[in-house]
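S.K.: Have a look at the structure that comes next, please.
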Amino acid sequence: MSDEISLPGQCTGVGWDKDGDTLAMINDKTGVIFLWDANNQKTSQLDSGLRDTLTFLLWSKVGQQLAIGTNKGNLLIYNHQTSRKIPILGKHTRKITCGSWSLQNLLALGSEDRTISISNAEGDTVRQASVRADPAEVQFSEMKGDERSTMGDNTVSVIIGHKTLFLYNMNDPENPIELAFQQRYGSIVHYEWYGDGYILIGFSQGYFVVISTHMKEIGQELFQARNHKDNLSSVAISLSLNKAASVGDNCIKIHDLSDLKEMYAIINLDDERGLDKLSWTEDGQLLAVSTKKGALHVYLTKLPMLGDCSNTRIAFLTSLLEVTVQDVVRQDSPLVISIDLEPSFIGLGPFHLAIGMNNRAWFYALSDDGAEKLKDREYLGTVQSIQLNADYAAVRFEGKVQLHVIEGDAAAPSADERDMRLFPEKEQKEARITDHAITVDFLVYSTNVGGLHYFYLEDWQFVNEYRHMVGIRKIFCDIAGTQLILIDDKSDGFVYNPVNDHITEIPNFSPTILGVLWDNSPHDKGVFIGYDEDKIFVYVYCKETVQVGSCLLVGMTKLPYGHIPILLYNGEVTLQTQSGKVATLTLSTHDYDVKAQSLQQTEMRSSLQKCIALHRFRDALMYCNAMNSNEAWHDLGKASLQCLEIDFAINVYRQIGDVGMVMSLNKIKGYEDSHQLAGYIAMFLEDFNLAQDHFLQSTRPIAALEMRRDLLHWDSALHLAKTLSPDQIPFISREYAQQLEFTGDYVNALSHYEKGITRHEETRDHDESCAAGVARMSIRMGDIRRGVQMALKMPSRLLKKDCAQILESMKQWSEAAILYEKGAYYDKGASVYIRSKNWAKVGELLPHVTSPKIHSQYAKAKEVDGQYKEAAQAYGNAKDWDNVIRVNLDHLHDPDEAVRIVRETQSVDGAKMVAKFFLKLADYSSAIQFLVMSKCNDEAFQLAQQHNQMETYAEIIGDDATHEDYQSIAVYFENERNHLLAGKFFYLCSHYPRALKHFLKYQGSDDGQALEMAIETVGKAKDEVLTHQLIDYLMGETDGIPKDAKYLFRLYMALKQFREAARTAIIIAREEQNAGNYRNAHDVLFSMYQELKKNKIKIPTEMNTNLMILHSYILVKIHVKRGDHLKGARMLIRVANNISKFPSRNLLLLWVTLSMPFAMTNVNCKLNAITLT
């Protein structure tokens, strides 16, 4: 107990001011206000000046005002800072029983006169409202609405008659809301506002209910539970813990506001009855409950969140007098250390633990056997934080850091200056140290003026200093001290690399971040997290990248309420809880399945992206192999290049067959200059500005110029060439000028072409190219004379052509034509001369011209001048045969030439012209011929019909006509009773019955032709009726005159009835043999033999024998003429053996045999010799 204060009467009111420095008390006997100062623990008295009993006391939430009410409704507002008292008499007519201050410093009072008043800090009444019963528990809060109010606390709530809850909205005073509840709940004991306009209400029968003040939800119970069986005496809410507590019967029940259905904790007070009021401290650390008998119970609801880590070990407070040290990676048994006091700071080193409070610290030596208390040490001020390594402790207090050995004797005088040192140095006396860290080798501290200092413990001197633009508030080192995060006074975060003094701003760095942890895993050295009250932000920092230190936000993870991260290892965060325990949380960025084959494609893609973001390329390789996606391989290759993992990137690009990238990377991977290497990588990744920066810082800055030239970035190339390689400026100027010329910027192109001329013999080709550009640009800029003269002087044909084209587009015909002619572009020159009507020059160039168009234009001009022969010749050179024909017919009167040309060229239009010419001459046959040639079949038909030239027309039209044309001709001949031609043209238009009819009707000298056509018609028609009709005709059934058997044979052949044809062929051959026509008989049998063999039909024996004999007969003469008597004799013997088959040649064959006795003897001898052989 700190103090005890006696009052003259019963205490009627007590309260702390907003700072917790002054306690005010009133009693029912006097009008004196007792004020107790917590700093000096002295009590003072203040006369209120009010003569009636004081019944109400309340401090302002935001000011130094103290409101005191009396049993007669009077009010006093006392300003403790200015000691000013403002009495307001008659504020109410009866006793003031309750009240509340708002955050806007308005005072709401409730009185037994059943009114509620709202006053300002001066006591002036702002609002007043009447209620229907005695008010109690007045509170200010903000009522939820569709549009959020900007006035802050806009609603006064009050319990009316312990039954209803009255809500008075100051923005809508005419429409107050009174909420009633079920009778079974009992009377309202107490209520609390929380969250976004929610109210928790406790009822006497053990119920507590949650309602919302949103107009859409008002009147509805969001949650209801009976927490206590017999009674409920109070409820309380801790917003810092997000917990709600109710007290009743003999227990306290605690709920989590985020899930009221779940019971968080139950505290039983078995020895107590009549539990009364319940209250939390503002930070939620303590929960107090009073009893009606005057007892007070205070519970510790959460421990101070004190902890520290060293490598993989953590030390944290597990009770007010107990610290636990454990290795969360090795999972060793935790080491529990009992301490003598509640600490305010903890520090953990590899072998030591430090705890302490105020300006004193106690050190413990840690071992496998336990903890040994070494010593305690006092410092020159209140310790704010302590950091340990194996040998030293660094203690920060009042803007200073004291570095000393841990196991040295602080009381003994130090002979070694390395035992203790105080920072900052004297020359830095204007700076205050804001934070510090200690590693194996370094002490690092930051100052309020932006200084960041590295003190090397081994050499006992400063080795690095960095000056930030504003003051530094916090710093966080990794284990080695080679990477450091600083948070400045602007709440911006940066990663500092002391090796190269490079600083990188952390992207999307939240100003609410409370702390930072580096990942202590050796595989994730660049991963760190920043955390606030709700979220954990995961970042990856890479020192060796194309960007020279890059930092990326890779993800966020929700932080459980009331947890503080204390250690990060391999993506798992060890969290310290309010209950003195630790929990483990896997970051969402590290939550991926290492068994890639079991995942879906989208899951593999997500896991791949996580691995790439964390620079875990080996794990990413596993997913790429499983996905087998080019896009995935490219993402991995690009990410590995960003981190300068060249060998790994080569393997990736080799996997996807990117030969060009593999060759390029192999070429540069041996570069020792990091800037040169990074420059090429940035170029491959198409970040050309960054590549240029790297090249310029490398040992080969000329690479920046080469890159810009290759990229056609000529402005940058010229700028670089001025300092890196001035001798390259002319060549760059020429290339730049060519690009400007292409884009139409002729003024600057001319300037750069002129700058590109070197006038050196060794660069003659380059100078000629520049001079050509000057010539072209001069013409385009209007200096035609200069440009033309330069083009004529230079030997380049292409330049002359280019300049001539420019002049032609400018309609400078004369100059353009001259350049075309000089460049030997005769076609173009003649064309331009034609435009300028210079026919004389055209004529000179004409022998060299190959363009038909130019010849045609020249011919037209000559025709206009009446020079028809030259015109016809020019039209001929132009291959314009229609005009040649026209000129020959109309002007030269040479129809023979016109006819010759038409026949050679088959010109349709020319044929029309010739046809008209012959029509004028009444040469209808020729006219018809040329009309058909010109595809004017209808006109030719009409002309033939009119002038009885249909046979001529039919002969001319040949096989090129349509079916309609053939039908028209056939109908004409049918009307003329010309059955042969009618049948022929009906056959051609596929009217086979009519064709056969006319062929069979034909009677004339060439009726054989008609029968041949009839056979062909039937063969084509493949119609049995027509076949039988023709057979009957050939057999003489129709007119009684049998026709020659050869026609029947041809019919069977046409119908592909080869067996019948074969029998007929044998009969025909026999008749021909009998008639002595052996050659005809041979031909008939031979043709039939070939057809049967072609169609794979067996050859009749009789046909085969007859053909052999006839063939031998024919071969006799041939062999005799050739002098081959042996073969001739053989053939003759075969014929003589079948002499009966040659009736007309019996005597001749016998005479031939008798007239050649010597030959026969010779033959017989040879035959006998052959036989013997």
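Residue names in the structure tokens use chain letters A, B, ... in the order shown, residue numbers from 1 in each chain, and ligand numbers from 1 in the order shown.
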If you count only C-alpha atoms, which residues fall within 12 Å of A:Met622, apart from same-chain ones fewer than 3 positions away, as a list in words?

M.R.: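 Listed by chain and then number, they are Asp593, Val594, Lys595, Ala596, Gln597, Met604, Arg605, Ser607, Leu608, Cys611, Ile612, Arg616, Phe617, Arg618, Asp619, Asn625, Ala626, Met627, Asn628, Ala632, Trp633, Leu636 and Val652 of chain A.
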
S.K.: Write the residues of the preceding selection, restricted to C-alpha atoms, as a PDB file, in the first residue's frame.

M.R.:
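Okay, out_2.pdb is ready:
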ATOM      1  CA  ASP A 593       4.357 -28.285 -50.794  1.00  0.00           C
ATOM      2  CA  VAL A 594       7.738 -29.791 -51.662  1.00  0.00           C
ATOM      3  CA  LYS A 595       5.974 -32.740 -53.350  1.00  0.00           C
ATOM      4  CA  ALA A 596       5.343 -31.081 -56.677  1.00  0.00           C
ATOM      5  CA  GLN A 597       3.862 -34.146 -58.372  1.00  0.00           C
ATOM      6  CA  MET A 604       2.370 -25.686 -58.818  1.00  0.00           C
ATOM      7  CA  ARG A 605       2.352 -22.294 -60.526  1.00  0.00           C
ATOM      8  CA  SER A 607       4.372 -22.516 -55.426  1.00  0.00           C
ATOM      9  CA  LEU A 608       6.833 -21.763 -58.220  1.00  0.00           C
ATOM     10  CA  CYS A 611      10.102 -20.035 -54.621  1.00  0.00           C
ATOM     11  CA  ILE A 612      11.210 -17.509 -57.229  1.00  0.00           C
ATOM     12  CA  ARG A 616      14.901 -20.479 -53.605  1.00  0.00           C
ATOM     13  CA  PHE A 617      15.886 -21.459 -57.109  1.00  0.00           C
ATOM     14  CA  ARG A 618      16.649 -25.109 -56.325  1.00  0.00           C
ATOM     15  CA  ASP A 619      13.105 -25.631 -55.085  1.00  0.00           C
ATOM     16  CA  ASN A 625      10.525 -29.945 -64.072  1.00  0.00           C
ATOM     17  CA  ALA A 626       7.066 -31.021 -62.928  1.00  0.00           C
ATOM     18  CA  MET A 627       5.203 -28.334 -64.918  1.00  0.00           C
ATOM     19  CA  ASN A 628       7.356 -28.582 -68.066  1.00  0.00           C
ATOM     20  CA  ALA A 632       7.790 -21.256 -65.997  1.00  0.00           C
ATOM     21  CA  TRP A 633      11.342 -21.896 -67.224  1.00  0.00           C
ATOM     22  CA  LEU A 636      12.987 -18.929 -63.367  1.00  0.00           C
ATOM     23  CA  VAL A 652      17.712 -23.259 -67.068  1.00  0.00           C
TER      24      VAL A 652
END

S.K.: Each residue of stretch 477-522 of chain A lying at most 12 Å from stretch 450-458 of chain A should get a row with its shortest atom-to-atom pair and the distance in Å to one decimal, counting only C-alpha atoms; could you produce that, ordered by chain and increasing number, as a Markdown table?

M.R.:
| residue | atom | partner | partner_atom | distance |
| --- | --- | --- | --- | --- |
| A:Cys477 | CA | A:Tyr454 | CA | 11.2 |
| A:Gly481 | CA | A:Tyr454 | CA | 9.2 |
| A:Thr482 | CA | A:Tyr454 | CA | 10.4 |
| A:Gln483 | CA | A:Tyr454 | CA | 11.8 |
| A:Leu484 | CA | A:Leu452 | CA | 10.1 |
| A:Ile485 | CA | A:Leu452 | CA | 10.9 |
| A:Leu486 | CA | A:Leu452 | CA | 9.1 |
| A:Ile487 | CA | A:Gly450 | CA | 10.3 |
| A:Asp488 | CA | A:Gly450 | CA | 7.9 |
| A:Asp489 | CA | A:Gly450 | CA | 9.0 |
| A:Lys490 | CA | A:Gly450 | CA | 11.5 |
| A:Tyr496 | CA | A:Leu452 | CA | 9.7 |
| A:Asn497 | CA | A:Leu452 | CA | 11.5 |
| A:Pro498 | CA | A:Tyr454 | CA | 8.5 |
| A:Val499 | CA | A:Tyr454 | CA | 11.2 |
| A:Asp501 | CA | A:Leu452 | CA | 10.9 |
| A:Ile503 | CA | A:Leu452 | CA | 11.8 |

S.K.: Those selected residues, please, written with N, CA, C and O atoms and delivered as an mmCIF file, in the first residue's frame.

M.R.:
data_model
loop_
_atom_site.group_PDB
_atom_site.id
_atom_site.type_symbol
_atom_site.label_atom_id
_atom_site.label_comp_id
_atom_site.auth_asym_id
_atom_site.auth_seq_id
_atom_site.Cartn_x
_atom_site.Cartn_y
_atom_site.Cartn_z
ATOM 1 N N CYS A 477 20.028 -5.371 -37.238
ATOM 2 C CA CYS A 477 21.154 -6.014 -37.928
ATOM 3 C C CYS A 477 20.882 -7.495 -38.122
ATOM 4 O O CYS A 477 20.167 -8.121 -37.332
ATOM 5 N N GLY A 481 26.086 -8.788 -39.284
ATOM 6 C CA GLY A 481 26.251 -7.343 -39.283
ATOM 7 C C GLY A 481 26.523 -6.748 -40.644
ATOM 8 O O GLY A 481 26.813 -5.562 -40.761
ATOM 9 N N THR A 482 26.419 -7.564 -41.707
ATOM 10 C CA THR A 482 26.697 -7.075 -43.058
ATOM 11 C C THR A 482 25.440 -6.554 -43.759
ATOM 12 O O THR A 482 25.532 -6.062 -44.873
ATOM 13 N N GLN A 483 24.311 -6.698 -43.106
ATOM 14 C CA GLN A 483 23.063 -6.151 -43.639
ATOM 15 C C GLN A 483 22.314 -5.512 -42.476
ATOM 16 O O GLN A 483 22.207 -6.094 -41.393
ATOM 17 N N LEU A 484 21.786 -4.325 -42.727
ATOM 18 C CA LEU A 484 21.137 -3.591 -41.640
ATOM 19 C C LEU A 484 19.905 -2.871 -42.186
ATOM 20 O O LEU A 484 19.937 -2.313 -43.292
ATOM 21 N N ILE A 485 18.848 -2.903 -41.417
ATOM 22 C CA ILE A 485 17.630 -2.176 -41.762
ATOM 23 C C ILE A 485 17.493 -1.017 -40.804
ATOM 24 O O ILE A 485 17.656 -1.177 -39.578
ATOM 25 N N LEU A 486 17.200 0.149 -41.343
ATOM 26 C CA LEU A 486 16.983 1.320 -40.499
ATOM 27 C C LEU A 486 15.612 1.915 -40.790
ATOM 28 O O LEU A 486 15.133 1.885 -41.928
ATOM 29 N N ILE A 487 14.983 2.404 -39.763
ATOM 30 C CA ILE A 487 13.714 3.128 -39.865
ATOM 31 C C ILE A 487 13.973 4.543 -39.402
ATOM 32 O O ILE A 487 14.448 4.758 -38.274
ATOM 33 N N ASP A 488 13.695 5.520 -40.277
ATOM 34 C CA ASP A 488 14.023 6.903 -39.939
ATOM 35 C C ASP A 488 12.831 7.614 -39.311
ATOM 36 O O ASP A 488 11.765 7.030 -39.091
ATOM 37 N N ASP A 489 13.018 8.903 -39.050
ATOM 38 C CA ASP A 489 11.978 9.683 -38.380
ATOM 39 C C ASP A 489 10.747 9.883 -39.241
ATOM 40 O O ASP A 489 9.686 10.269 -38.737
ATOM 41 N N LYS A 490 10.867 9.641 -40.543
ATOM 42 C CA LYS A 490 9.710 9.729 -41.431
ATOM 43 C C LYS A 490 8.966 8.402 -41.543
ATOM 44 O O LYS A 490 8.057 8.272 -42.352
ATOM 45 N N TYR A 496 20.623 -1.103 -45.525
ATOM 46 C CA TYR A 496 21.960 -0.528 -45.689
ATOM 47 C C TYR A 496 22.983 -1.654 -45.781
ATOM 48 O O TYR A 496 22.958 -2.615 -45.001
ATOM 49 N N ASN A 497 23.871 -1.535 -46.779
ATOM 50 C CA ASN A 497 24.944 -2.504 -46.960
ATOM 51 C C ASN A 497 26.264 -1.812 -46.618
ATOM 52 O O ASN A 497 26.762 -0.987 -47.384
ATOM 53 N N PRO A 498 26.854 -2.116 -45.466
ATOM 54 C CA PRO A 498 28.083 -1.411 -45.075
ATOM 55 C C PRO A 498 29.293 -1.789 -45.924
ATOM 56 O O PRO A 498 30.298 -1.091 -45.896
ATOM 57 N N VAL A 499 29.196 -2.871 -46.685
ATOM 58 C CA VAL A 499 30.336 -3.282 -47.506
ATOM 59 C C VAL A 499 30.589 -2.277 -48.620
ATOM 60 O O VAL A 499 31.729 -1.870 -48.880
ATOM 61 N N ASP A 501 28.518 0.623 -48.864
ATOM 62 C CA ASP A 501 27.865 1.872 -48.456
ATOM 63 C C ASP A 501 26.622 2.163 -49.288
ATOM 64 O O ASP A 501 26.253 3.325 -49.463
ATOM 65 N N ILE A 503 22.572 2.035 -50.008
ATOM 66 C CA ILE A 503 21.326 1.994 -49.249
ATOM 67 C C ILE A 503 20.164 1.824 -50.219
ATOM 68 O O ILE A 503 20.127 2.437 -51.288
#

S.K.: Atom CA of A:Asn105 and atom CA of A:Leu76, how far apart in Å?

M.R.: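 Atom CA of A:Leu76 sits 15.1 Å away from atom CA of A:Asn105.
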
S.K.: Mind giving me the straight-line distance from atom CA of A:Asp332 to atom CA of A:Ile314 in Å, one decimal?

M.R.: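 Separation between atom CA of A:Asp332 and atom CA of A:Ile314: 11.7 Å.
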
S.K.: Quote the spacing between atom CA of A:His590 and atom CA of A:Tyr653 in Å to one decimal place.

M.R.: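 Atom CA of A:Tyr653 lies at a distance of 25.8 Å from atom CA of A:His590.
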
S.K.: Of the residues A:Phe56, A:Trp362, A:Phe509, A:Phe688, which is the one nearest to A:Asp492, using only C-alpha atoms?

M.R.: A:Phe509

S.K.: Pick out the residues sitting within 8 Å of stretch 212-225 of chain A, and hand them over as a PyMOL selection string; count only C-alpha atoms, and ignore anything fewer than 5 positions along from it in its own chain.

M.R.: chain A and resi 143-146+179+197-199+207+260

S.K.: Store the residues picked out above in a file with C-alpha atoms, as a JSON list (two decimals), in the first residue's frame.

M.R.:
[["chain", "number", "residue", "atom", "x", "y", "z"],
["A", 143, "MET", "CA", -23.42, 5.59, -33.30],
["A", 144, "LYS", "CA", -23.06, 3.69, -36.57],
["A", 145, "GLY", "CA", -24.70, 5.22, -39.63],
["A", 146, "ASP", "CA", -24.74, 4.88, -43.39],
["A", 179, "LEU", "CA", -34.32, 0.04, -26.66],
["A", 197, "GLY", "CA", -20.72, 0.97, -32.81],
["A", 198, "TYR", "CA", -21.44, -2.26, -30.87],
["A", 199, "ILE", "CA", -22.76, -2.39, -27.29],
["A", 207, "TYR", "CA", -27.39, -12.75, -19.43],
["A", 260, "LEU", "CA", -18.02, -14.44, -28.36]]

S.K.: Env of A:Asp47: 10 Å cut, atoms = only C-alpha atoms, seq-sep filter 6 positions within chain, self excluded. Answer as number ranges by chain.

M.R.: A: 30-34, 85

S.K.: If DSSP is run on the backbone, what residues of stretch 102-321 of chain A are strand (DSSP E or B)? A reply as a ChimeraX atom specification would be ideal.

M.R.: /A:107-111,115-119,125-130,135-141,155-160,164-169,177-180,188-194,198-203,207-212,221-226,234-238,243-248,251-256,259-268,275-280,286-291,296-300,307-310,313-319
